[in-house]
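Peer 1: Sharing a structure, written as structure tokens. Questions coming.
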Amino acid sequence: MIPRMTTTGSLRGYRYNLQRSTFTLNKSITTVMTGRAFNSFAEDPTAAAESFHLRRAYLRTSSQYDLNESTVRRFEVAYSSMESVEKVIDTDPESKGAAYYAIIRALNDPDASGRNALGQEITAHANDMVQFMNGRYGDNFIFSGADALNVPLTWAPKANPDYDADYVPADPDKLTEDDLKKMNQYLTSDGEPTDDEFKAGRTLCYRGVPVDSDDPSDLEKLDYLSRGEKKYVDIGLGYDMNGGKVESSSVYNIALQAVDFLGGYGQETRTVTLPAYTDEDGTRHPEQSYTFDDIPKNIVSITDEIGTILQRCSPENGAFASTEDEARFNALVDAFEESSFRVKDRFTELTTQAQFLKNNQKQLENNAYTINEQIQGIDYVDPAAAISDFIFAKYCYDTALKVGNSVLSESLMDYMNFA
């Protein structure tokens with residue numbers, strides 16, 4: 001049976017087709033204007049879900065990139081500080097201006113008349129190293145471990161071990177050297193009372209803990225700071241948790257501890273033998289051996305004590321204040337050389353870490369670029385294809401209008417205000 005063609009049926013079909021053409025045309029215009037393949041989850045659930053996961057990965061990678069970039073800058077400042085320290089302790093005997101150069105001059109100078117002045121120069125080098133290691137990146141101290149808001153290295157006065165606050169001399173009018181030691185907490189190199197607490201010697205402290213201490217409690221604190229304290233950042237190494245704890249291999253530790261980069265902490269035992277010699281009066285002095293149980297390991301402490309000993313030397317002829325001072329000076333020179341090797345090893349490690357971070361930065365940049373390319377491929381259409389679709393939709397729409405002119409009567413067209 002052939003269906004009847006009525007005006008109402010023709011009008012309904014025409015409207016339907018025109019609406020479809022109009023919708024397709026509007027959609028193609030929106031696509032050309034925005035460049036997006038879809039504008040809501042309902043339009044393409046599969047692509048929208050994939051886009052969501054990619055965007056989340058992109059944000060995570062971008063965050064890791066920013067953290068890595070900040071870490072790179074932090075390590076660049078650390079590298080600069082360590083480079084300055086390395087120049088100060090350069091063990092090349094020809095490296096003028098370095099602390100070691102001054103130490104060798106004090107050790108080998110036949111008359112040693114300049115030892116006192118060299119001591120002041122070497123002490124200044126110790127101060128320089130502390131200043132370098134107290135450097136900041138932004139508002140954070142680089143070498144203060146996880147506590148980046150407090151200065152890492154400070155000096156504290158060295159207390160007189162013989163001091164007795166309640167001591168009363170037997171004869172106040174005739175004070176002996178022993179009386180002075182017990183009555184005064186701080187003494188000059190000549191054993192005289194002084195108001196300058198540092199003239200009696202000073203101790204380097206890392207975050208308030210003496211680095212040359214032999215106290216088990218202090219050493220336990222330093223052990224924790226050196227080996228146990230961490231500050232992790234996620235720089236794209238596969239952040240993972242295991243048993244509620246972060247897997248250390250999946251994150252990066254940025255807690256740089258100053259004591260680790262300055263030769264260590266604590267004390268060591270060294271034995272020094274002074275050769276036999278004949279003094280100006282012709283008196284023969286046999287060789288003497290000294291054993292010191294309290295030689296510091298830290299390069300700054302060693303440098304500072306060398307400077308202190310040299311400043312006690314005679315300004316006239318450079319003679320050491322005592323034979324023990326001479327022996328301790330030699331022990332400290334040996335300790336300086338070994339500690340400087342440890343410092344250089346850590347400097348090399350820091351260089352390797354900085355290079356790793358730079359390589360990781362490049363990798364994160366490549367990852368972000370790849371993810372972004374994938375997002376572009378899902379979320380956005382090819383401009384040329386979108387324009388072609390728009391032209392075709394416009395053609396269909398124009399054709400639909402022409403079909404209406406040929407199908408509908410002129411009076412009906414007038415009635416619909418299409419003419």
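A note on labels: chains of the structure tokens are A, B, ... as shown, every chain counts residues from 1, and ligands are counted from 1 in their shown order.
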For Phe261 in chain A, find every residue with an atom within 9 Å (counting only C-alpha atoms), except residues of its own chain fewer than 3 positions away, and show them as a VMD selection string.

Peer 2: chain A and resid 82 143 256 to 258 264 342 to 347

Peer 1: Residues at most 10 Å from Asp139 in chain A, counting only C-alpha atoms, excluding those fewer than 5 positions away in the same chain, as a list in words?

Peer 2: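 Counting only C-alpha atoms, the residues come to Ala148, Leu149 and Asn150 of chain A.
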
Peer 1: Go ahead and write the selection's residues with C-alpha atoms as a PDB file, in the first residue's frame.

Peer 2:
ATOM      1  CA  ALA A 148      65.986  24.612  56.877  1.00  0.00           C
ATOM      2  CA  LEU A 149      64.855  27.616  58.935  1.00  0.00           C
ATOM      3  CA  ASN A 150      67.668  27.687  61.522  1.00  0.00           C
TER       4      ASN A 150
END

Peer 1: For range 56-63 of chain A, work out the shell of residues within 7 Å, counting only C-alpha atoms and skipping chain neighbours fewer than 5 positions away, then give it as a PyMOL selection string.

Peer 2: chain A and resi 364+368+371-372

Peer 1: Glu373 in chain A: which residues within 12 Å, counting only C-alpha atoms, same-chain residues fewer than 5 positions away excluded, as a compact mmCIF listing (two decimals) with C-alpha atoms, in the first residue's frame?

Peer 2:
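See selection-v9.txt below for the written result:
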# COMPACT_ATOMS: atom_id res chain seq x y z
CA SER A 51 41.41 12.48 29.07
CA LEU A 54 45.95 11.83 31.27
CA ARG A 55 45.32 15.26 32.76
CA TYR A 58 50.10 15.66 33.50
CA ASN A 366 59.87 14.87 27.95
CA ASN A 367 57.21 12.98 29.91
CA ALA A 368 55.07 16.09 30.28
CA ILE A 378 41.99 13.09 22.52
CA ASP A 379 40.52 16.47 23.48
CA TYR A 380 41.04 18.40 20.26

Peer 1: Record the distance separating CA of Ala99 in chain A and CA of Glu337 in chain A, expressed in Å with one decimal.

Peer 2: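 CA of Glu337 in chain A lies 11.2 Å from CA of Ala99 in chain A.
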
Peer 1: What's the 12 Å shell around Val333 in chain A, counting only C-alpha atoms, without same-chain residues fewer than 5 positions away, as a PyMOL selection string?

Peer 2: chain A and resi 89+91+99-108+270+272+295-297+299+301-307+309-310+326-328+338-340

Peer 1: Next, write the just-selected residues to a file, as a CSV table (one decimal), in the first residue's frame, keeping C-alpha atoms as the atom set.

Peer 2:
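Written output follows (selection_6.csv):
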chain,number,residue,atom,x,y,z
A,89,ILE,CA,91.2,23.7,51.8
A,91,THR,CA,95.9,20.7,49.3
A,99,ALA,CA,94.3,27.6,54.2
A,100,TYR,CA,96.6,24.7,53.4
A,101,TYR,CA,99.1,26.9,51.7
A,102,ALA,CA,99.3,29.0,54.9
A,103,ILE,CA,99.6,25.8,57.0
A,104,ILE,CA,102.5,24.5,54.9
A,105,ARG,CA,104.3,27.8,55.3
A,106,ALA,CA,103.9,27.7,59.1
A,107,LEU,CA,105.1,24.1,59.0
A,108,ASN,CA,108.2,24.5,56.8
A,270,ARG,CA,96.7,10.5,66.6
A,272,VAL,CA,103.0,12.3,66.7
A,295,ILE,CA,91.8,15.4,67.5
A,296,PRO,CA,88.7,16.7,65.6
A,297,LYS,CA,87.6,15.1,62.3
A,299,ILE,CA,87.8,20.3,58.6
A,301,SER,CA,87.4,22.6,63.6
A,302,ILE,CA,90.8,21.4,62.6
A,303,THR,CA,91.5,24.6,60.7
A,304,ASP,CA,90.3,26.8,63.5
A,305,GLU,CA,92.5,25.0,66.1
A,306,ILE,CA,95.5,25.2,63.9
A,307,GLY,CA,94.9,28.9,63.7
A,309,ILE,CA,97.8,27.2,68.1
A,310,LEU,CA,99.7,29.4,65.6
A,326,GLU,CA,104.1,21.8,68.4
A,327,ALA,CA,103.2,18.2,68.5
A,328,ARG,CA,99.5,18.9,68.4
A,338,GLU,CA,92.8,13.4,55.6
A,339,SER,CA,89.7,15.4,56.4
A,340,SER,CA,90.2,17.4,53.2

Peer 1: Run DSSP on the backbone and tell me which residues of range 95-312 of chain A come out as strand (DSSP E or B); list them as a ChimeraX atom specification.

Peer 2: /A:136-137,140-141,144,153-157,187,193,202-206,209-210,232-233,241-242,245-246,252-253,257,267-274,277-278,284-285,288-296

Peer 1: Just the selected residues (C-alpha atoms), exported as a PDB file, in the first residue's frame, please.

Peer 2:
ATOM      1  CA  ARG A 136      70.613  30.015  51.791  1.00  0.00           C
ATOM      2  CA  TYR A 137      68.361  29.208  48.881  1.00  0.00           C
ATOM      3  CA  ASN A 140      65.972  28.106  53.579  1.00  0.00           C
ATOM      4  CA  PHE A 141      69.445  27.172  54.786  1.00  0.00           C
ATOM      5  CA  SER A 144      70.733  22.493  57.673  1.00  0.00           C
ATOM      6  CA  LEU A 153      76.744  26.113  61.936  1.00  0.00           C
ATOM      7  CA  THR A 154      77.500  28.297  64.947  1.00  0.00           C
ATOM      8  CA  TRP A 155      80.429  28.928  67.238  1.00  0.00           C
ATOM      9  CA  ALA A 156      80.212  28.373  70.992  1.00  0.00           C
ATOM     10  CA  PRO A 157      82.850  29.370  73.574  1.00  0.00           C
ATOM     11  CA  LEU A 187      91.396  32.816  79.635  1.00  0.00           C
ATOM     12  CA  PRO A 193      91.446  36.725  82.503  1.00  0.00           C
ATOM     13  CA  ARG A 202      85.757  27.955  70.545  1.00  0.00           C
ATOM     14  CA  THR A 203      83.766  24.943  69.496  1.00  0.00           C
ATOM     15  CA  LEU A 204      81.933  24.487  66.222  1.00  0.00           C
ATOM     16  CA  CYS A 205      78.311  23.406  66.674  1.00  0.00           C
ATOM     17  CA  TYR A 206      75.950  21.887  64.138  1.00  0.00           C
ATOM     18  CA  VAL A 209      75.468  20.102  68.985  1.00  0.00           C
ATOM     19  CA  PRO A 210      79.283  20.339  69.300  1.00  0.00           C
ATOM     20  CA  TYR A 232      61.844  13.558  50.890  1.00  0.00           C
ATOM     21  CA  VAL A 233      60.392  15.087  47.733  1.00  0.00           C
ATOM     22  CA  MET A 241      54.302   3.379  50.158  1.00  0.00           C
ATOM     23  CA  ASN A 242      55.112   0.154  51.973  1.00  0.00           C
ATOM     24  CA  LYS A 245      56.073   4.216  55.170  1.00  0.00           C
ATOM     25  CA  VAL A 246      57.509   5.830  52.099  1.00  0.00           C
ATOM     26  CA  TYR A 252      64.588  11.905  46.761  1.00  0.00           C
ATOM     27  CA  ASN A 253      66.244  13.083  49.962  1.00  0.00           C
ATOM     28  CA  GLN A 257      73.774  17.908  56.442  1.00  0.00           C
ATOM     29  CA  GLN A 267      87.239  12.844  67.569  1.00  0.00           C
ATOM     30  CA  GLU A 268      90.065  10.497  66.677  1.00  0.00           C
ATOM     31  CA  THR A 269      93.389   9.430  68.183  1.00  0.00           C
ATOM     32  CA  ARG A 270      96.679  10.469  66.607  1.00  0.00           C
ATOM     33  CA  THR A 271     100.266   9.904  67.696  1.00  0.00           C
ATOM     34  CA  VAL A 272     103.038  12.310  66.712  1.00  0.00           C
ATOM     35  CA  THR A 273     106.785  11.957  67.240  1.00  0.00           C
ATOM     36  CA  LEU A 274     108.919  15.078  67.313  1.00  0.00           C
ATOM     37  CA  TYR A 277     117.099  18.405  68.137  1.00  0.00           C
ATOM     38  CA  THR A 278     119.780  20.616  69.670  1.00  0.00           C
ATOM     39  CA  ARG A 284     120.437  17.916  73.089  1.00  0.00           C
ATOM     40  CA  HIS A 285     116.731  17.065  73.250  1.00  0.00           C
ATOM     41  CA  GLN A 288     109.359  12.841  71.984  1.00  0.00           C
ATOM     42  CA  SER A 289     106.094  11.085  71.201  1.00  0.00           C
ATOM     43  CA  TYR A 290     102.685  12.492  71.986  1.00  0.00           C
ATOM     44  CA  THR A 291      99.330  10.763  71.698  1.00  0.00           C
ATOM     45  CA  PHE A 292      96.211  12.906  71.392  1.00  0.00           C
ATOM     46  CA  ASP A 293      92.786  11.321  71.850  1.00  0.00           C
ATOM     47  CA  ASP A 294      90.805  14.443  70.985  1.00  0.00           C
ATOM     48  CA  ILE A 295      91.840  15.409  67.460  1.00  0.00           C
ATOM     49  CA  PRO A 296      88.725  16.655  65.621  1.00  0.00           C
TER      50      PRO A 296
END

Peer 1: Report the residues of range 90-275 of chain A whose backbone DSSP state falls under helix (DSSP H, G or I), written as a ChimeraX atom specification.

Peer 2: /A:99-108,115-133,177-183,197-200,216-228,248-250,258-261

Peer 1: Those same residues - C-alpha atoms - I'd like them written as a CSV table (one decimal), in the first residue's frame.

Peer 2:
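Saved result, selection_15.csv, follows:
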chain,number,residue,atom,x,y,z
A,99,ALA,CA,94.3,27.6,54.2
A,100,TYR,CA,96.6,24.7,53.4
A,101,TYR,CA,99.1,26.9,51.7
A,102,ALA,CA,99.3,29.0,54.9
A,103,ILE,CA,99.6,25.8,57.0
A,104,ILE,CA,102.5,24.5,54.9
A,105,ARG,CA,104.3,27.8,55.3
A,106,ALA,CA,103.9,27.7,59.1
A,107,LEU,CA,105.1,24.1,59.0
A,108,ASN,CA,108.2,24.5,56.8
A,115,ARG,CA,103.4,32.0,62.4
A,116,ASN,CA,101.4,34.4,64.5
A,117,ALA,CA,100.1,36.3,61.5
A,118,LEU,CA,99.5,33.0,59.6
A,119,GLY,CA,97.4,31.8,62.5
A,120,GLN,CA,95.1,34.8,62.2
A,121,GLU,CA,94.8,34.1,58.4
A,122,ILE,CA,94.0,30.5,59.0
A,123,THR,CA,91.4,31.4,61.6
A,124,ALA,CA,89.8,33.7,59.1
A,125,HIS,CA,89.6,30.8,56.6
A,126,ALA,CA,87.7,28.8,59.3
A,127,ASN,CA,85.2,31.6,59.5
A,128,ASP,CA,84.9,31.8,55.8
A,129,MET,CA,84.0,28.1,55.5
A,130,VAL,CA,81.2,28.5,58.2
A,131,GLN,CA,79.9,31.4,56.2
A,132,PHE,CA,79.9,29.4,53.0
A,133,MET,CA,78.1,26.5,54.6
A,177,GLU,CA,98.4,30.2,87.3
A,178,ASP,CA,96.3,27.4,88.8
A,179,ASP,CA,94.3,30.0,90.8
A,180,LEU,CA,93.6,31.9,87.5
A,181,LYS,CA,92.4,28.8,85.7
A,182,LYS,CA,90.0,27.9,88.5
A,183,MET,CA,88.7,31.5,89.0
A,197,GLU,CA,84.8,34.4,75.8
A,198,PHE,CA,86.1,33.1,72.4
A,199,LYS,CA,89.8,33.9,73.2
A,200,ALA,CA,89.9,30.7,75.3
A,216,PRO,CA,77.8,9.7,73.7
A,217,SER,CA,74.6,11.8,73.8
A,218,ASP,CA,76.0,14.4,71.4
A,219,LEU,CA,77.4,11.7,69.1
A,220,GLU,CA,74.0,10.0,69.1
A,221,LYS,CA,72.3,13.2,68.0
A,222,LEU,CA,74.9,13.8,65.3
A,223,ASP,CA,74.6,10.2,64.1
A,224,TYR,CA,70.8,10.7,63.7
A,225,LEU,CA,71.3,14.0,61.8
A,226,SER,CA,73.9,12.5,59.6
A,227,ARG,CA,72.3,9.1,58.8
A,228,GLY,CA,68.7,9.1,60.1
A,248,SER,CA,63.1,5.6,50.2
A,249,SER,CA,64.1,4.5,46.7
A,250,SER,CA,60.9,6.0,45.2
A,258,ALA,CA,76.7,20.3,56.9
A,259,VAL,CA,78.7,17.9,59.0
A,260,ASP,CA,78.7,15.3,56.3
A,261,PHE,CA,80.2,17.7,53.8

Peer 1: In Å, rounded to a single decimal, give me how far CA of Val251 in chain A is from CA of Phe52 in chain A.

Peer 2: 25.1 Å

Peer 1: Identify, on the basis of only C-alpha atoms, every residue whose closest approach to Ala255 in chain A does not exceed 7 Å; exclude the query and any residue fewer than 5 positions from it along the same chain; express the result as a ChimeraX atom specification.

Peer 2: /A:145-146,230-231

Peer 1: Rounded to one decimal in Å, what is the spacing between CA of Asn134 in chain A and CA of Val211 in chain A?

Peer 2: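 Between CA of Asn134 in chain A and CA of Val211 in chain A the gap works out to 15.3 Å.
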